[in-house]
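data.cif (mmCIF, N, CA and C atoms)
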data_run
loop_
_atom_site.group_PDB
_atom_site.id
_atom_site.type_symbol
_atom_site.label_atom_id
_atom_site.label_comp_id
_atom_site.auth_asym_id
_atom_site.auth_seq_id
_atom_site.Cartn_x
_atom_site.Cartn_y
_atom_site.Cartn_z
ATOM 1 N N MET D 20 -9.457 -5.230 -19.417
ATOM 2 C CA MET D 20 -8.196 -5.415 -18.735
ATOM 3 C C MET D 20 -8.195 -6.783 -18.070
ATOM 4 N N LEU D 21 -7.064 -7.464 -18.131
ATOM 5 C CA LEU D 21 -6.953 -8.803 -17.577
ATOM 6 C C LEU D 21 -7.112 -8.827 -16.060
ATOM 7 N N ALA D 22 -6.757 -7.743 -15.392
ATOM 8 C CA ALA D 22 -6.876 -7.703 -13.932
ATOM 9 C C ALA D 22 -8.310 -7.932 -13.487
ATOM 10 N N THR D 23 -9.272 -7.423 -14.235
ATOM 11 C CA THR D 23 -10.671 -7.605 -13.854
ATOM 12 C C THR D 23 -11.121 -9.052 -14.021
ATOM 13 N N ILE D 24 -10.428 -9.789 -14.863
ATOM 14 C CA ILE D 24 -10.770 -11.190 -15.079
ATOM 15 C C ILE D 24 -10.096 -12.086 -14.040
ATOM 16 N N PHE D 25 -8.826 -11.816 -13.755
ATOM 17 C CA PHE D 25 -8.036 -12.709 -12.913
ATOM 18 C C PHE D 25 -7.976 -12.322 -11.441
ATOM 19 N N LEU D 26 -8.288 -11.080 -11.112
ATOM 20 C CA LEU D 26 -8.174 -10.629 -9.728
ATOM 21 C C LEU D 26 -9.548 -10.349 -9.129
ATOM 22 N N THR D 27 -9.675 -10.647 -7.838
ATOM 23 C CA THR D 27 -10.907 -10.298 -7.134
ATOM 24 C C THR D 27 -10.960 -8.783 -6.964
ATOM 25 N N LYS D 28 -12.113 -8.276 -6.570
ATOM 26 C CA LYS D 28 -12.247 -6.825 -6.345
ATOM 27 C C LYS D 28 -11.255 -6.360 -5.282
ATOM 28 N N LYS D 29 -11.094 -7.150 -4.223
ATOM 29 C CA LYS D 29 -10.154 -6.783 -3.164
ATOM 30 C C LYS D 29 -8.726 -6.734 -3.705
ATOM 31 N N GLU D 30 -8.356 -7.728 -4.502
ATOM 32 C CA GLU D 30 -7.010 -7.749 -5.082
ATOM 33 C C GLU D 30 -6.800 -6.569 -6.028
ATOM 34 N N GLN D 31 -7.830 -6.194 -6.762
ATOM 35 C CA GLN D 31 -7.734 -5.039 -7.655
ATOM 36 C C GLN D 31 -7.505 -3.765 -6.847
ATOM 37 N N LYS D 32 -8.226 -3.615 -5.727
ATOM 38 C CA LYS D 32 -8.041 -2.438 -4.871
ATOM 39 C C LYS D 32 -6.637 -2.426 -4.273
ATOM 40 N N LYS D 33 -6.166 -3.584 -3.863
ATOM 41 C CA LYS D 33 -4.825 -3.683 -3.274
ATOM 42 C C LYS D 33 -3.766 -3.291 -4.301
ATOM 43 N N LEU D 34 -3.919 -3.757 -5.518
ATOM 44 C CA LEU D 34 -2.982 -3.410 -6.583
ATOM 45 C C LEU D 34 -3.037 -1.913 -6.888
ATOM 46 N N ALA D 35 -4.232 -1.354 -6.949
ATOM 47 C CA ALA D 35 -4.380 0.089 -7.189
ATOM 48 C C ALA D 35 -3.730 0.889 -6.065
ATOM 49 N N LEU D 36 -3.889 0.428 -4.833
ATOM 50 C CA LEU D 36 -3.272 1.103 -3.689
ATOM 51 C C LEU D 36 -1.757 1.031 -3.791
ATOM 52 N N PHE D 37 -1.228 -0.122 -4.150
ATOM 53 C CA PHE D 37 0.217 -0.272 -4.284
ATOM 54 C C PHE D 37 0.760 0.664 -5.360
ATOM 55 N N TYR D 38 0.092 0.712 -6.511
ATOM 56 C CA TYR D 38 0.517 1.628 -7.579
ATOM 57 C C TYR D 38 0.457 3.075 -7.104
ATOM 58 N N HIS D 39 -0.569 3.408 -6.341
ATOM 59 C CA HIS D 39 -0.701 4.769 -5.809
ATOM 60 C C HIS D 39 0.476 5.096 -4.885
ATOM 61 N N LEU D 40 0.837 4.162 -4.018
ATOM 62 C CA LEU D 40 1.963 4.384 -3.106
ATOM 63 C C LEU D 40 3.263 4.584 -3.873
ATOM 64 N N GLU D 41 3.419 3.853 -4.958
ATOM 65 C CA GLU D 41 4.638 3.993 -5.767
ATOM 66 C C GLU D 41 4.753 5.379 -6.394
ATOM 67 N N ARG D 42 3.621 5.991 -6.712
ATOM 68 C CA ARG D 42 3.633 7.286 -7.399
ATOM 69 C C ARG D 42 3.729 8.479 -6.445
ATOM 70 N N LEU D 43 3.512 8.241 -5.160
ATOM 71 C CA LEU D 43 3.563 9.351 -4.209
ATOM 72 C C LEU D 43 4.990 9.860 -4.039
ATOM 73 N N PRO D 44 5.139 11.169 -3.893
ATOM 74 C CA PRO D 44 6.475 11.703 -3.595
ATOM 75 C C PRO D 44 6.949 11.179 -2.234
ATOM 76 N N ALA D 45 8.254 11.151 -2.053
ATOM 77 C CA ALA D 45 8.811 10.687 -0.785
ATOM 78 C C ALA D 45 8.221 11.487 0.364
ATOM 79 N N GLY D 46 7.857 10.792 1.419
ATOM 80 C CA GLY D 46 7.294 11.454 2.587
ATOM 81 C C GLY D 46 6.485 10.494 3.419
ATOM 82 N N GLU D 47 5.787 11.050 4.403
ATOM 83 C CA GLU D 47 4.930 10.261 5.277
ATOM 84 C C GLU D 47 3.496 10.711 5.092
ATOM 85 N N TYR D 48 2.587 9.755 5.050
ATOM 86 C CA TYR D 48 1.184 10.029 4.750
ATOM 87 C C TYR D 48 0.287 9.331 5.762
ATOM 88 N N THR D 49 -0.827 9.936 6.072
ATOM 89 C CA THR D 49 -1.791 9.295 6.955
ATOM 90 C C THR D 49 -2.651 8.324 6.148
ATOM 91 N N VAL D 50 -3.195 7.357 6.843
ATOM 92 C CA VAL D 50 -4.105 6.412 6.195
ATOM 93 C C VAL D 50 -5.305 7.185 5.647
ATOM 94 N N LYS D 51 -5.770 8.178 6.392
ATOM 95 C CA LYS D 51 -6.926 8.966 5.961
ATOM 96 C C LYS D 51 -6.641 9.699 4.657
ATOM 97 N N SER D 52 -5.469 10.310 4.538
ATOM 98 C CA SER D 52 -5.167 11.048 3.306
ATOM 99 C C SER D 52 -5.106 10.105 2.107
ATOM 100 N N ILE D 53 -4.543 8.925 2.305
ATOM 101 C CA ILE D 53 -4.460 7.960 1.213
ATOM 102 C C ILE D 53 -5.848 7.449 0.851
ATOM 103 N N SER D 54 -6.668 7.140 1.854
ATOM 104 C CA SER D 54 -8.019 6.638 1.568
ATOM 105 C C SER D 54 -8.852 7.708 0.883
ATOM 106 N N ASP D 55 -8.680 8.966 1.291
ATOM 107 C CA ASP D 55 -9.409 10.064 0.635
ATOM 108 C C ASP D 55 -8.990 10.214 -0.826
ATOM 109 N N GLU D 56 -7.692 10.118 -1.095
ATOM 110 C CA GLU D 56 -7.191 10.261 -2.464
ATOM 111 C C GLU D 56 -7.733 9.165 -3.382
ATOM 112 N N LEU D 57 -7.876 7.964 -2.839
ATOM 113 C CA LEU D 57 -8.338 6.835 -3.646
ATOM 114 C C LEU D 57 -9.851 6.659 -3.614
ATOM 115 N N GLY D 58 -10.515 7.345 -2.692
ATOM 116 C CA GLY D 58 -11.955 7.187 -2.564
ATOM 117 C C GLY D 58 -12.339 5.891 -1.874
ATOM 118 N N TYR D 59 -11.423 5.349 -1.063
ATOM 119 C CA TYR D 59 -11.682 4.117 -0.325
ATOM 120 C C TYR D 59 -12.161 4.482 1.083
ATOM 121 N N VAL D 60 -12.870 3.566 1.701
ATOM 122 C CA VAL D 60 -13.239 3.697 3.102
ATOM 123 C C VAL D 60 -11.973 3.525 3.940
ATOM 124 N N TYR D 61 -11.867 4.264 5.033
ATOM 125 C CA TYR D 61 -10.671 4.221 5.882
ATOM 126 C C TYR D 61 -10.321 2.785 6.285
ATOM 127 N N SER D 62 -11.305 2.040 6.760
ATOM 128 C CA SER D 62 -11.034 0.686 7.260
ATOM 129 C C SER D 62 -10.530 -0.231 6.146
ATOM 130 N N THR D 63 -11.052 -0.072 4.946
ATOM 131 C CA THR D 63 -10.586 -0.860 3.802
ATOM 132 C C THR D 63 -9.130 -0.529 3.497
ATOM 133 N N THR D 64 -8.810 0.755 3.514
ATOM 134 C CA THR D 64 -7.438 1.184 3.252
ATOM 135 C C THR D 64 -6.497 0.627 4.299
ATOM 136 N N GLN D 65 -6.910 0.669 5.569
ATOM 137 C CA GLN D 65 -6.074 0.156 6.647
ATOM 138 C C GLN D 65 -5.802 -1.337 6.476
ATOM 139 N N VAL D 66 -6.817 -2.105 6.155
ATOM 140 C CA VAL D 66 -6.655 -3.550 5.951
ATOM 141 C C VAL D 66 -5.710 -3.817 4.778
ATOM 142 N N LEU D 67 -5.914 -3.103 3.669
ATOM 143 C CA LEU D 67 -5.062 -3.307 2.494
ATOM 144 C C LEU D 67 -3.616 -2.911 2.774
ATOM 145 N N LEU D 68 -3.409 -1.812 3.506
ATOM 146 C CA LEU D 68 -2.052 -1.398 3.860
ATOM 147 C C LEU D 68 -1.373 -2.436 4.749
ATOM 148 N N ASN D 69 -2.127 -2.997 5.690
ATOM 149 C CA ASN D 69 -1.560 -4.051 6.542
ATOM 150 C C ASN D 69 -1.164 -5.267 5.717
ATOM 151 N N GLU D 70 -1.975 -5.616 4.728
ATOM 152 C CA GLU D 70 -1.645 -6.748 3.863
ATOM 153 C C GLU D 70 -0.420 -6.451 3.008
ATOM 154 N N ILE D 71 -0.335 -5.228 2.480
ATOM 155 C CA ILE D 71 0.840 -4.846 1.690
ATOM 156 C C ILE D 71 2.084 -4.879 2.567
ATOM 157 N N ALA D 72 1.977 -4.387 3.797
ATOM 158 C CA ALA D 72 3.114 -4.404 4.724
ATOM 159 C C ALA D 72 3.566 -5.841 4.988
ATOM 160 N N ALA D 73 2.605 -6.742 5.176
ATOM 161 C CA ALA D 73 2.942 -8.149 5.407
ATOM 162 C C ALA D 73 3.597 -8.762 4.168
ATOM 163 N N ASP D 74 3.071 -8.441 2.994
ATOM 164 C CA ASP D 74 3.653 -8.946 1.747
ATOM 165 C C ASP D 74 5.086 -8.455 1.590
ATOM 166 N N CYS D 75 5.310 -7.175 1.841
ATOM 167 C CA CYS D 75 6.650 -6.596 1.705
ATOM 168 C C CYS D 75 7.605 -7.221 2.715
ATOM 169 N N SER D 76 7.120 -7.466 3.923
ATOM 170 C CA SER D 76 7.945 -8.090 4.951
ATOM 171 C C SER D 76 8.315 -9.518 4.569
ATOM 172 N N THR D 77 7.413 -10.212 3.892
ATOM 173 C CA THR D 77 7.702 -11.565 3.425
ATOM 174 C C THR D 77 8.816 -11.547 2.391
ATOM 175 N N ILE D 78 8.788 -10.536 1.530
ATOM 176 C CA ILE D 78 9.808 -10.401 0.485
ATOM 177 C C ILE D 78 11.152 -10.022 1.095
ATOM 178 N N ASN D 79 11.115 -9.089 2.044
ATOM 179 C CA ASN D 79 12.339 -8.583 2.671
ATOM 180 C C ASN D 79 12.016 -8.193 4.103
ATOM 181 N N GLN D 80 12.631 -8.858 5.060
ATOM 182 C CA GLN D 80 12.353 -8.601 6.475
ATOM 183 C C GLN D 80 12.642 -7.154 6.882
ATOM 184 N N ALA D 81 13.507 -6.457 6.137
ATOM 185 C CA ALA D 81 13.855 -5.078 6.468
ATOM 186 C C ALA D 81 12.868 -4.069 5.870
ATOM 187 N N ALA D 82 11.904 -4.545 5.109
ATOM 188 C CA ALA D 82 10.944 -3.646 4.462
ATOM 189 C C ALA D 82 10.101 -2.929 5.517
ATOM 190 N N VAL D 83 9.926 -1.623 5.316
ATOM 191 C CA VAL D 83 9.168 -0.817 6.269
ATOM 192 C C VAL D 83 8.107 -0.043 5.507
ATOM 193 N N LEU D 84 6.849 -0.205 5.910
ATOM 194 C CA LEU D 84 5.758 0.563 5.325
ATOM 195 C C LEU D 84 5.251 1.606 6.310
ATOM 196 N N PHE D 85 5.166 1.225 7.585
ATOM 197 C CA PHE D 85 4.646 2.137 8.602
ATOM 198 C C PHE D 85 5.768 2.722 9.440
ATOM 199 N N THR D 86 5.660 4.011 9.737
ATOM 200 C CA THR D 86 6.600 4.663 10.651
ATOM 201 C C THR D 86 6.171 4.310 12.081
ATOM 202 N N PRO D 87 7.023 4.596 13.066
ATOM 203 C CA PRO D 87 6.608 4.352 14.455
ATOM 204 C C PRO D 87 5.341 5.131 14.846
ATOM 205 N N GLN D 88 5.064 6.234 14.151
ATOM 206 C CA GLN D 88 3.870 7.033 14.427
ATOM 207 C C GLN D 88 2.659 6.532 13.647
ATOM 208 N N LYS D 89 2.788 5.355 13.018
ATOM 209 C CA LYS D 89 1.711 4.718 12.246
ATOM 210 C C LYS D 89 1.337 5.502 10.987
ATOM 211 N N GLN D 90 2.290 6.270 10.463
ATOM 212 C CA GLN D 90 2.113 6.930 9.183
ATOM 213 C C GLN D 90 2.655 5.993 8.108
ATOM 214 N N VAL D 91 2.207 6.192 6.884
ATOM 215 C CA VAL D 91 2.688 5.390 5.768
ATOM 216 C C VAL D 91 3.905 6.081 5.183
ATOM 217 N N SER D 92 4.998 5.353 5.093
ATOM 218 C CA SER D 92 6.246 5.910 4.590
ATOM 219 C C SER D 92 6.404 5.578 3.110
ATOM 220 N N CYS D 93 6.578 6.593 2.296
ATOM 221 C CA CYS D 93 6.793 6.411 0.861
ATOM 222 C C CYS D 93 8.110 7.062 0.480
ATOM 223 N N PRO D 94 8.906 6.519 -0.393
ATOM 224 C CA PRO D 94 8.692 5.231 -1.045
ATOM 225 C C PRO D 94 8.847 4.088 -0.061
ATOM 226 N N LEU D 95 8.379 2.926 -0.448
ATOM 227 C CA LEU D 95 8.488 1.759 0.406
ATOM 228 C C LEU D 95 9.979 1.440 0.574
ATOM 229 N N SER D 96 10.475 1.531 1.793
ATOM 230 C CA SER D 96 11.901 1.316 1.992
ATOM 231 C C SER D 96 12.245 -0.158 1.980
ATOM 232 N N GLU D 97 13.403 -0.438 1.437
ATOM 233 C CA GLU D 97 13.952 -1.792 1.390
ATOM 234 C C GLU D 97 13.136 -2.756 0.523
ATOM 235 N N VAL D 98 12.312 -2.249 -0.374
ATOM 236 C CA VAL D 98 11.593 -3.129 -1.292
ATOM 237 C C VAL D 98 12.231 -2.984 -2.662
ATOM 238 N N SER D 99 12.706 -4.093 -3.190
ATOM 239 C CA SER D 99 13.368 -4.090 -4.482
ATOM 240 C C SER D 99 12.624 -5.012 -5.432
ATOM 241 N N TYR D 100 12.600 -4.634 -6.683
ATOM 242 C CA TYR D 100 11.937 -5.458 -7.685
ATOM 243 C C TYR D 100 12.878 -6.414 -8.373
ATOM 244 N N ASP D 101 14.132 -6.459 -7.912
ATOM 245 C CA ASP D 101 15.146 -7.341 -8.507
ATOM 246 C C ASP D 101 14.948 -8.766 -8.087
#
Output the structure of this file as structure tokens.
Amino acid sequence: MLATIFLTKKEQKKLALFYHLERLPAGEYTVKSISDELGYVYSTTQVLLNEIAADCSTINQAAVLFTPQKQVSCPLSEVSYD
């Protein structure tokens, strides 16, 4: 796969996490539940989620990944691929 050639291990994990978030049914999820599902360490998942949130915010200031209760909101609101 080209991702293993062009992306660092961290970038590969971030991409896998993003794909995982896209496939989750609508709802709110804890960082722990997501890290358990992916087999990632909690702290790694938290760092990657913060980076994804920052990336989404750069694309669209209205993008929201975290709820006020610090849960992960799926689907990612206000993120468009257009």
- Query: Could you state the separation of atom CA of Ser92 of chain D and atom CA of Thr49 of chain D in Å, given to one decimal place?
  - Reply: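 So the two atoms, atom CA of Ser92 of chain D and atom CA of Thr49 of chain D, lie 9.0 Å apart.
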| task | Could you check how far atom CA of Ser52 of chain D sits from atom CA of Thr27 of chain D, in Å to one decimal? | result |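 Taking atom CA of Ser52 of chain D and atom CA of Thr27 of chain D, their separation equals 24.4 Å.
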Expressed in Å, the length from atom CA of Tyr38 of chain D to atom C of Gln88 of chain D is 21.9 Å
Q) If you run DSSP on this backbone, which residues of chain D come out as alpha helix (DSSP H), and could you give them as an MDAnalysis selection string? A) chainID D and resid 21:25 28:42 50:57 61:78
| said: Once the PyMOL selection byres (((chain D and resi 67-79 and name CA) around 12) and name CA) has been evaluated on this model, what residues remain selected, and can you format them as a ChimeraX atom specification? | reply: /D:28-40,48-51,53-54,59-66,80-86,89-92,95-101
*Run DSSP on the backbone of this structure and report the residues of chain D it assigns to strand (DSSP E or B), as a PyMOL selection string.*
chain D and resi 46-48+83-85+91-96
